[in-house]
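Student: What follows is input-v4.csv, made up of CSV, C-alpha atoms:
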chain,number,residue,atom,x,y,z
B,52,MET,CA,0.0,0.0,0.0
B,53,VAL,CA,1.2,3.5,-0.8
B,54,SER,CA,0.9,5.9,2.1
B,55,VAL,CA,-0.2,9.4,2.1
B,56,ASP,CA,2.7,11.7,2.3
B,57,SER,CA,2.8,13.9,5.3
B,58,SER,CA,4.7,16.6,3.5
B,59,PHE,CA,1.7,17.0,1.2
B,60,GLN,CA,1.1,20.4,2.7
B,61,SER,CA,4.6,21.7,2.1
B,62,ALA,CA,6.2,25.1,2.5
B,63,GLN,CA,5.2,25.9,-1.1
B,64,ASP,CA,1.6,25.5,-0.3
B,65,THR,CA,0.4,27.1,2.9
B,66,SER,CA,-3.3,27.0,2.3
B,67,SER,CA,-5.0,25.3,5.2
B,68,GLU,CA,-7.8,23.3,3.7
B,69,SER,CA,-6.8,19.9,2.3
B,70,VAL,CA,-7.9,18.3,-0.9
B,71,PRO,CA,-10.5,15.5,-0.5
B,72,LEU,CA,-9.8,12.1,-1.8
B,73,PRO,CA,-11.7,11.4,-5.0
B,74,VAL,CA,-13.2,7.9,-5.3
B,75,LYS,CA,-14.9,6.5,-8.4
B,76,ILE,CA,-17.7,4.1,-9.3
B,77,VAL,CA,-18.3,3.1,-12.9
B,78,VAL,CA,-21.9,2.9,-14.2
B,79,ALA,CA,-22.1,0.6,-17.2
B,80,GLY,CA,-24.9,-1.0,-19.3
B,81,GLY,CA,-26.3,-1.0,-22.7
B,82,TYR,CA,-27.3,2.0,-24.8
B,83,ALA,CA,-30.1,4.2,-23.3
B,84,VAL,CA,-30.5,1.9,-20.3
B,85,GLY,CA,-30.6,4.8,-17.8
B,86,LYS,CA,-27.0,5.3,-16.9
B,87,THR,CA,-27.1,9.1,-17.0
B,88,THR,CA,-30.4,9.1,-15.2
B,89,PHE,CA,-29.0,6.9,-12.5
B,90,VAL,CA,-25.9,9.2,-12.1
B,91,GLY,CA,-28.1,12.3,-12.2
B,92,SER,CA,-30.5,11.1,-9.5
B,93,ILE,CA,-27.8,11.3,-6.8
B,94,SER,CA,-25.3,13.7,-8.2
B,95,GLU,CA,-25.1,17.1,-6.5
B,96,ILE,CA,-24.4,18.6,-9.9
B,97,ASP,CA,-26.3,18.1,-13.2
B,98,PRO,CA,-24.4,15.4,-15.0
B,99,LEU,CA,-21.5,16.8,-17.0
B,100,THR,CA,-20.1,15.5,-20.2
B,101,THR,CA,-16.5,15.0,-20.9
B,102,GLU,CA,-15.0,14.1,-24.3
B,103,ALA,CA,-12.0,12.0,-25.0
B,104,ALA,CA,-10.5,12.3,-28.5
B,105,LEU,CA,-9.4,9.1,-30.0
B,106,THR,CA,-6.6,9.1,-32.5
B,107,THR,CA,-4.2,6.2,-32.6
B,108,VAL,CA,-6.6,3.7,-31.2
B,109,SER,CA,-9.5,4.6,-33.5
B,110,ALA,CA,-7.1,4.6,-36.4
B,111,SER,CA,-6.9,0.8,-36.2
B,112,VAL,CA,-10.6,0.4,-35.3
B,113,ASP,CA,-12.3,2.8,-37.6
B,114,ASN,CA,-10.0,3.3,-40.5
B,115,GLU,CA,-10.9,1.2,-43.5
B,116,GLY,CA,-8.5,2.5,-46.1
B,117,ASP,CA,-5.5,4.8,-45.4
B,118,ALA,CA,-3.7,3.6,-42.3
B,119,SER,CA,-1.5,6.7,-42.2
B,120,SER,CA,-4.3,9.2,-41.6
B,121,LYS,CA,-5.5,9.4,-38.1
B,122,THR,CA,-9.2,9.6,-37.5
B,123,SER,CA,-10.4,11.8,-34.7
B,124,THR,CA,-13.4,10.1,-33.2
B,125,THR,CA,-14.6,11.5,-29.9
B,126,VAL,CA,-16.2,9.5,-27.2
B,127,ALA,CA,-18.4,11.2,-24.7
B,128,MET,CA,-18.9,10.2,-21.1
B,129,ASP,CA,-21.4,11.6,-18.6
B,130,PHE,CA,-20.4,11.9,-15.0
B,131,GLY,CA,-21.7,13.2,-11.7
B,132,ARG,CA,-20.3,14.0,-8.3
B,133,VAL,CA,-21.4,13.3,-4.7
B,134,GLY,CA,-19.6,14.8,-1.7
B,135,LEU,CA,-19.2,12.3,1.1
B,136,GLY,CA,-18.2,14.5,4.0
B,137,ASP,CA,-15.2,16.7,3.9
B,138,GLU,CA,-12.6,14.1,3.1
B,139,LEU,CA,-14.1,12.1,0.2
B,140,VAL,CA,-15.7,12.9,-3.1
B,141,LEU,CA,-17.4,10.2,-5.1
B,142,TYR,CA,-17.4,10.5,-8.9
B,143,LEU,CA,-19.8,8.4,-10.9
B,144,PHE,CA,-18.8,7.8,-14.5
B,145,GLY,CA,-21.1,6.4,-17.1
B,146,THR,CA,-19.3,4.2,-19.6
B,147,PRO,CA,-19.6,5.0,-23.3
B,148,GLY,CA,-22.5,2.9,-24.6
B,149,GLN,CA,-21.1,1.4,-27.7
B,150,ASP,CA,-19.0,-1.7,-27.6
B,151,ARG,CA,-16.3,-0.3,-29.8
B,152,PHE,CA,-15.4,2.0,-27.0
B,153,ARG,CA,-14.7,-0.8,-24.6
B,154,PHE,CA,-11.0,0.0,-24.4
B,155,MET,CA,-12.0,3.2,-22.6
B,156,TRP,CA,-13.2,1.0,-19.8
B,157,ASP,CA,-9.6,0.1,-18.8
B,158,GLU,CA,-9.1,3.7,-18.2
B,159,LEU,CA,-12.3,4.2,-16.4
B,160,THR,CA,-12.0,1.2,-14.1
B,161,ARG,CA,-8.5,2.0,-13.0
B,162,GLY,CA,-8.7,2.9,-9.3
B,163,ALA,CA,-12.5,2.4,-9.3
B,164,ILE,CA,-14.2,1.0,-6.2
B,165,GLY,CA,-16.3,-1.0,-8.6
B,166,ALA,CA,-19.1,-0.9,-11.1
B,167,VAL,CA,-22.9,-0.9,-11.3
B,168,VAL,CA,-24.2,-2.7,-14.4
B,169,ILE,CA,-27.6,-1.3,-15.2
B,170,LEU,CA,-29.9,-3.7,-16.9
B,171,ASP,CA,-33.1,-3.3,-18.9
B,172,THR,CA,-34.7,-6.8,-18.7
B,173,ARG,CA,-36.3,-6.3,-22.1
B,174,ARG,CA,-32.8,-6.2,-23.6
B,175,PHE,CA,-30.6,-7.9,-21.1
B,176,GLU,CA,-28.3,-9.3,-23.8
B,177,ASP,CA,-27.0,-5.6,-24.0
B,178,SER,CA,-25.3,-6.1,-20.6
B,179,PHE,CA,-23.4,-9.3,-21.5
B,180,GLY,CA,-20.4,-7.3,-22.5
B,181,ALA,CA,-20.2,-5.3,-19.3
B,182,VAL,CA,-20.6,-8.3,-17.1
B,183,GLU,CA,-17.9,-10.2,-19.0
B,184,TYR,CA,-15.6,-7.3,-18.9
B,185,PHE,CA,-15.8,-6.7,-15.1
B,186,GLU,CA,-15.6,-10.4,-14.4
B,187,GLN,CA,-12.4,-10.7,-16.4
B,188,ALA,CA,-10.9,-7.5,-15.0
B,189,GLN,CA,-11.8,-8.6,-11.5
B,190,VAL,CA,-13.6,-5.3,-10.8
B,191,PRO,CA,-16.3,-5.7,-8.1
B,192,PHE,CA,-19.7,-5.2,-9.6
B,193,VAL,CA,-23.4,-5.5,-9.0
B,194,VAL,CA,-26.2,-5.9,-11.5
B,195,ALA,CA,-29.0,-3.5,-11.1
B,196,ILE,CA,-32.3,-4.1,-12.9
B,197,ASN,CA,-33.7,-0.8,-13.8
B,198,ALA,CA,-37.4,-1.4,-13.2
B,199,PHE,CA,-39.1,1.2,-15.4
B,200,HIS,CA,-42.6,1.9,-14.1
B,201,GLY,CA,-42.0,-0.7,-11.4
B,202,GLU,CA,-42.2,-3.5,-13.9
B,203,LEU,CA,-39.8,-6.4,-13.9
B,204,HIS,CA,-40.0,-8.3,-17.1
B,205,HIS,CA,-37.8,-11.1,-15.7
B,206,SER,CA,-37.2,-12.3,-12.1
B,207,ILE,CA,-33.9,-11.7,-10.5
B,208,GLU,CA,-33.3,-15.5,-10.7
B,209,GLN,CA,-33.9,-15.4,-14.5
B,210,VAL,CA,-31.5,-12.5,-14.8
B,211,ARG,CA,-28.9,-14.3,-12.8
B,212,GLU,CA,-29.3,-17.4,-15.0
B,213,GLY,CA,-29.5,-15.5,-18.2
B,214,LEU,CA,-26.2,-13.6,-17.5
B,215,ASP,CA,-24.6,-16.7,-16.1
B,216,LEU,CA,-23.5,-14.8,-13.0
B,217,ALA,CA,-21.3,-16.2,-10.3
B,218,PRO,CA,-23.5,-16.8,-7.2
B,219,ASP,CA,-21.7,-14.1,-5.1
B,220,ILE,CA,-22.6,-11.3,-7.6
B,221,PRO,CA,-25.5,-9.3,-6.1
B,222,VAL,CA,-28.5,-8.7,-8.4
B,223,VAL,CA,-30.8,-5.9,-7.2
B,224,SER,CA,-33.7,-4.0,-8.6
B,225,THR,CA,-33.4,-0.3,-8.8
B,226,ASP,CA,-35.1,2.8,-10.2
B,227,ALA,CA,-32.6,5.0,-11.9
B,228,ARG,CA,-34.8,8.1,-11.4
B,229,ASP,CA,-35.1,7.6,-7.6
B,230,ARG,CA,-32.3,9.0,-5.5
B,231,ASP,CA,-32.8,6.7,-2.6
B,232,ARG,CA,-33.0,3.6,-4.8
B,233,THR,CA,-29.8,4.7,-6.5
B,234,LYS,CA,-28.1,5.3,-3.1
B,235,GLN,CA,-29.2,1.7,-2.0
B,236,THR,CA,-27.7,0.3,-5.2
B,237,LEU,CA,-24.4,2.1,-4.6
B,238,LEU,CA,-24.4,0.8,-1.1
B,239,GLU,CA,-24.9,-2.8,-2.4
B,240,LEU,CA,-21.8,-2.3,-4.5
B,241,VAL,CA,-19.7,-0.9,-1.7
B,242,GLU,CA,-20.8,-3.7,0.6
B,243,HIS,CA,-19.9,-6.2,-2.1
B,244,ALA,CA,-16.5,-4.6,-2.7
B,245,LEU,CA,-15.9,-4.8,1.1
B,246,VAL,CA,-16.6,-8.6,1.1
B,247,LYS,CA,-14.3,-9.0,-1.9
B,248,ALA,CA,-11.6,-6.9,-0.2
B,249,GLN,CA,-11.8,-9.0,2.9
B,250,SER,CA,-11.7,-12.4,1.2
L,906,MET,CA,-4.2,4.3,3.4
L,907,THR,CA,-4.6,3.8,-0.2
L,908,ALA,CA,-3.9,7.1,-1.8
L,909,TYR,CA,-1.1,9.4,-2.5
L,910,ASP,CA,-0.5,12.8,-4.0
L,911,VAL,CA,0.3,12.0,-7.6
L,912,SER,CA,2.4,15.1,-7.8
L,913,HIS,CA,4.7,13.8,-5.0
L,914,ASP,CA,8.1,12.4,-5.5
L,915,GLN,CA,8.1,8.8,-4.2
L,916,SER,CA,11.7,8.1,-4.8
L,917,GLY,CA,12.3,7.9,-1.0
L,918,GLY,CA,14.6,10.9,-1.0
L,919,GLN,CA,14.2,14.1,0.9
L,920,ALA,CA,11.1,16.1,0.2
L,921,ARG,CA,11.8,18.8,-2.3
L,922,PRO,CA,10.7,22.1,-0.9
L,923,ARG,CA,10.3,24.0,-4.2
L,924,LEU,CA,9.2,21.7,-6.9
L,925,ARG,CA,8.2,18.1,-6.5
L,926,VAL,CA,8.2,16.3,-9.7
L,927,PRO,CA,6.2,13.1,-10.2
L,928,PRO,CA,8.4,10.1,-10.9
L,929,TYR,CA,6.8,9.4,-14.3
L,930,ALA,CA,7.7,12.9,-15.4
L,931,VAL,CA,11.3,12.4,-14.5
L,932,THR,CA,11.7,9.3,-16.5
L,933,GLY,CA,8.9,9.2,-19.0
L,934,GLY,CA,8.4,12.9,-19.9
L,935,ARG,CA,5.3,14.7,-20.9
L,936,THR,CA,3.6,12.0,-22.9
L,937,ARG,CA,3.4,9.8,-19.9
L,938,VAL,CA,1.9,12.6,-17.7
L,939,ASP,CA,-1.2,12.9,-19.8
L,940,VAL,CA,-2.1,9.2,-19.6
L,941,ASP,CA,-1.4,8.8,-15.9
L,942,ILE,CA,-3.7,11.3,-14.3
L,943,PRO,CA,-7.0,9.7,-13.7
L,944,PHE,CA,-10.3,11.3,-14.9
L,945,GLU,CA,-11.4,11.8,-11.3
L,946,ALA,CA,-8.1,13.2,-10.0
L,947,LEU,CA,-8.7,16.4,-8.0
L,948,VAL,CA,-6.7,19.4,-9.0
L,949,ARG,CA,-6.0,22.3,-6.8
L,950,THR,CA,-4.0,25.5,-7.5
L,951,THR,CA,-1.1,25.9,-5.2
L,952,GLU,CA,0.0,29.2,-3.6
L,953,ARG,CA,2.7,29.3,-6.2
L,954,GLY,CA,0.0,28.9,-8.9
L,955,LYS,CA,-2.0,31.8,-7.4
L,956,GLU,CA,1.1,34.0,-7.3
L,957,ASN,CA,2.0,33.3,-10.9
L,958,MET,CA,-1.5,33.3,-12.3
L,959,GLN,CA,-1.1,36.7,-14.0
L,960,LEU,CA,2.0,35.4,-15.8
L,961,ILE,CA,0.1,32.4,-17.2
L,962,ALA,CA,-2.2,32.6,-20.2
L,963,PHE,CA,-5.1,31.0,-22.0
L,964,GLU,CA,-6.4,27.6,-20.9
L,965,ARG,CA,-3.6,27.2,-18.3
L,966,ARG,CA,-4.9,30.2,-16.6
L,967,ASP,CA,-8.5,29.0,-16.8
L,968,ILE,CA,-7.4,25.8,-15.1
L,969,LEU,CA,-5.7,27.7,-12.3
L,970,LYS,CA,-8.8,29.8,-11.7
L,971,LEU,CA,-11.2,26.9,-11.7
L,972,ALA,CA,-8.9,24.9,-9.5
L,973,GLU,CA,-8.8,27.4,-6.7
L,974,ASN,CA,-11.2,25.0,-5.1
L,975,PRO,CA,-10.4,21.3,-5.8
L,976,ILE,CA,-11.9,20.2,-9.1
L,977,ALA,CA,-11.6,17.0,-11.0
L,978,VAL,CA,-9.8,16.6,-14.3
L,979,ALA,CA,-13.1,15.5,-15.9
L,980,GLU,CA,-14.9,18.6,-14.6
L,981,LEU,CA,-12.2,20.8,-16.0
L,982,SER,CA,-12.7,19.1,-19.3
L,983,ALA,CA,-16.5,19.7,-19.2
L,984,HIS,CA,-16.3,23.3,-18.1
L,985,LEU,CA,-13.5,24.3,-20.5
L,986,ARG,CA,-15.0,22.2,-23.3
L,987,LEU,CA,-11.6,20.6,-24.0
L,988,PRO,CA,-11.0,16.9,-24.5
L,989,ILE,CA,-9.9,15.2,-21.4
L,990,GLY,CA,-6.5,14.3,-23.0
L,991,ALA,CA,-5.7,18.0,-23.5
L,992,ILE,CA,-6.6,18.8,-19.9
L,993,ARG,CA,-4.3,16.0,-18.7
L,994,VAL,CA,-1.4,17.4,-20.6
L,995,LEU,CA,-2.0,20.9,-19.3
L,996,VAL,CA,-2.6,19.7,-15.7
L,997,GLY,CA,0.5,17.5,-16.0
L,998,ASP,CA,2.6,20.5,-17.0
L,999,LEU,CA,1.1,22.7,-14.3
L,1000,SER,CA,1.8,20.0,-11.8
L,1001,VAL,CA,5.5,19.7,-12.8
L,1002,GLU,CA,5.8,23.4,-12.5
L,1003,GLY,CA,4.4,23.4,-9.0
L,1004,HIS,CA,1.3,25.4,-10.0
L,1005,VAL,CA,-1.2,22.8,-9.1
L,1006,GLN,CA,-1.4,19.7,-6.9
L,1007,THR,CA,-3.3,16.6,-7.9
L,1008,LYS,CA,-4.8,13.9,-5.8
L,1009,ALA,CA,-6.2,10.5,-6.8
L,1010,MET,CA,-6.5,6.9,-5.8
L,1011,THR,CA,-3.7,4.9,-7.4
L,1012,VAL,CA,-4.1,1.5,-5.8
L,1013,LYS,CA,-7.1,-0.6,-5.0
L,1014,ALA,CA,-9.4,0.6,-2.2
L,1015,ASP,CA,-8.7,-1.2,1.1
L,1016,THR,CA,-11.4,-2.1,3.6
L,1017,ALA,CA,-10.8,1.1,5.7
L,1018,LEU,CA,-11.5,3.3,2.7
L,1019,LEU,CA,-14.5,1.2,1.6
L,1020,GLU,CA,-16.0,1.5,5.0
L,1021,ARG,CA,-15.6,5.3,4.9
L,1022,VAL,CA,-17.3,5.4,1.5
L,1023,ARG,CA,-20.1,3.1,2.8
L,1024,ASP,CA,-20.6,5.3,5.9
L,1025,GLY,CA,-20.5,8.5,3.8
L,1026,LEU,CA,-23.2,7.1,1.4
L,1027,ARG,CA,-25.4,6.0,4.4
L,1028,ARG,CA,-25.3,9.5,5.7
L,1029,LEU,CA,-26.6,11.0,2.4
Just give me the structure of the file as structure tokens.
Tutor:
Amino acid sequence: MVSVDSSFQSAQDTSSESVPLPVKIVVAGGYAVGKTTFVGSISEIDPLTTEAALTTVSASVDNEGDASSKTSTTVAMDFGRVGLGDELVLYLFGTPGQDRFRFMWDELTRGAIGAVVILDTRRFEDSFGAVEYFEQAQVPFVVAINAFHGELHHSIEQVREGLDLAPDIPVVSTDARDRDRTKQTLLELVEHALVKAQS
Amino acid sequence: MTAYDVSHDQSGGQARPRLRVPPYAVTGGRTRVDVDIPFEALVRTTERGKENMQLIAFERRDILKLAENPIAVAELSAHLRLPIGAIRVLVGDLSVEGHVQTKAMTVKADTALLERVRDGLRRL
């Protein structure tokens, strides 16, 4: 473990307040499944959008002809922020929806507490990719069924079976529009990450 | 604890009072700086950055102004409408110059930190 350096407040910086520690949770799932709604329901700011320009990587993915010209695709990510007291700030990052931006996930999951995979049970094959990714990357995750209008089209057991989830992966129902349900879902993830960290 | 100041020299030597250079900048140069700063890293303008603000122009100055209170790299990108990669390069340079400090998780969260996050969420 790397320790916090006590000389962080050095002679060069005499301001008294310290910088909180940012922590991160990744919010994944298929296109238009409610990721930004989920982030926005608990964020203390309206979700913001940041763009990453892709050059070298997209050249191999997107270029069909001239390999020497770099394409400049941009990938947008929505994110929000939740202050957790004076010392911690939680950032919630929505993953880019399309599969071809999967490589961005390495970047996004680096240092993350874990991930919430949001699922629409009418199209739950959309979440296969995310589940597979987090399993392989050994990132703690929970699957959250976004129950639009309170309807679950499949039972939690059917989802677990359909996604071929390991028995220890929590599957919960949520409502991305509801702050308290979102908070409960994030708590499920943190509890799960705690169990993983202790094992 | 599971975090460190990414602008801090971890070589084990004496703390450098004037300018602490991140280890990747010493060996890898600027191109490494831009990939190593996480999206959620918090940036804060140092006293030195505030003193030198009038000497610094364009986006670099915008960053110093916005980072008077801690602000994430991704937030800088959103507010300044610049791609996150560009912000990383600018923040990396400002950090090497001692004009900003950055702070982020660089290792997996341990149980103590996860408990603090859990308790913080419960209090919301």
Student: Could you tell me how far atom CA of L:Val978 lies from atom CA of B:Glu183, in Å and to one decimal?
Tutor: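 Rounded to one decimal, the two atoms are 28.4 Å apart.
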Student: Define the interface residues of chain L facing chain B as those within 8 Å, counting only C-alpha atoms, and report them as a PyMOL selection string.
Tutor: chain L and resi 906-910+913+920+922-923+943-947+949+951-953+975+979-980+982-983+986-990+1008-1016+1019-1020+1022-1023+1025-1027+1029
Student: Suppose you want the space between atom CA of B:Thr233 and atom CA of B:Ser92; what is it in Å?
Tutor: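 So the answer is 7.1 Å.
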Student: Could you work out how far atom CA of B:Leu170 lies from atom CA of B:Gly213, giving the answer in Å with one decimal?
Tutor: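 Answer for the atom CA of B:Gly213 to atom CA of B:Leu170 separation: 11.9 Å.
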Student: Pick from B:Ser250, B:Tyr184, B:Ala83, B:Asp229: nearest to B:Phe154, with all atoms listed in the file counted?
Tutor: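 When distances to B:Phe154 are compared using all atoms listed in the file, the smallest one comes from B:Tyr184.
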Student: Considering all atoms listed in the file, return as a ChimeraX atom specification whatever protein or nucleic-acid residues lie within 8 Å of L:Lys955, sequence-local ones (same chain, fewer than 5 positions apart) excluded.
Tutor: /L:950,969,1004
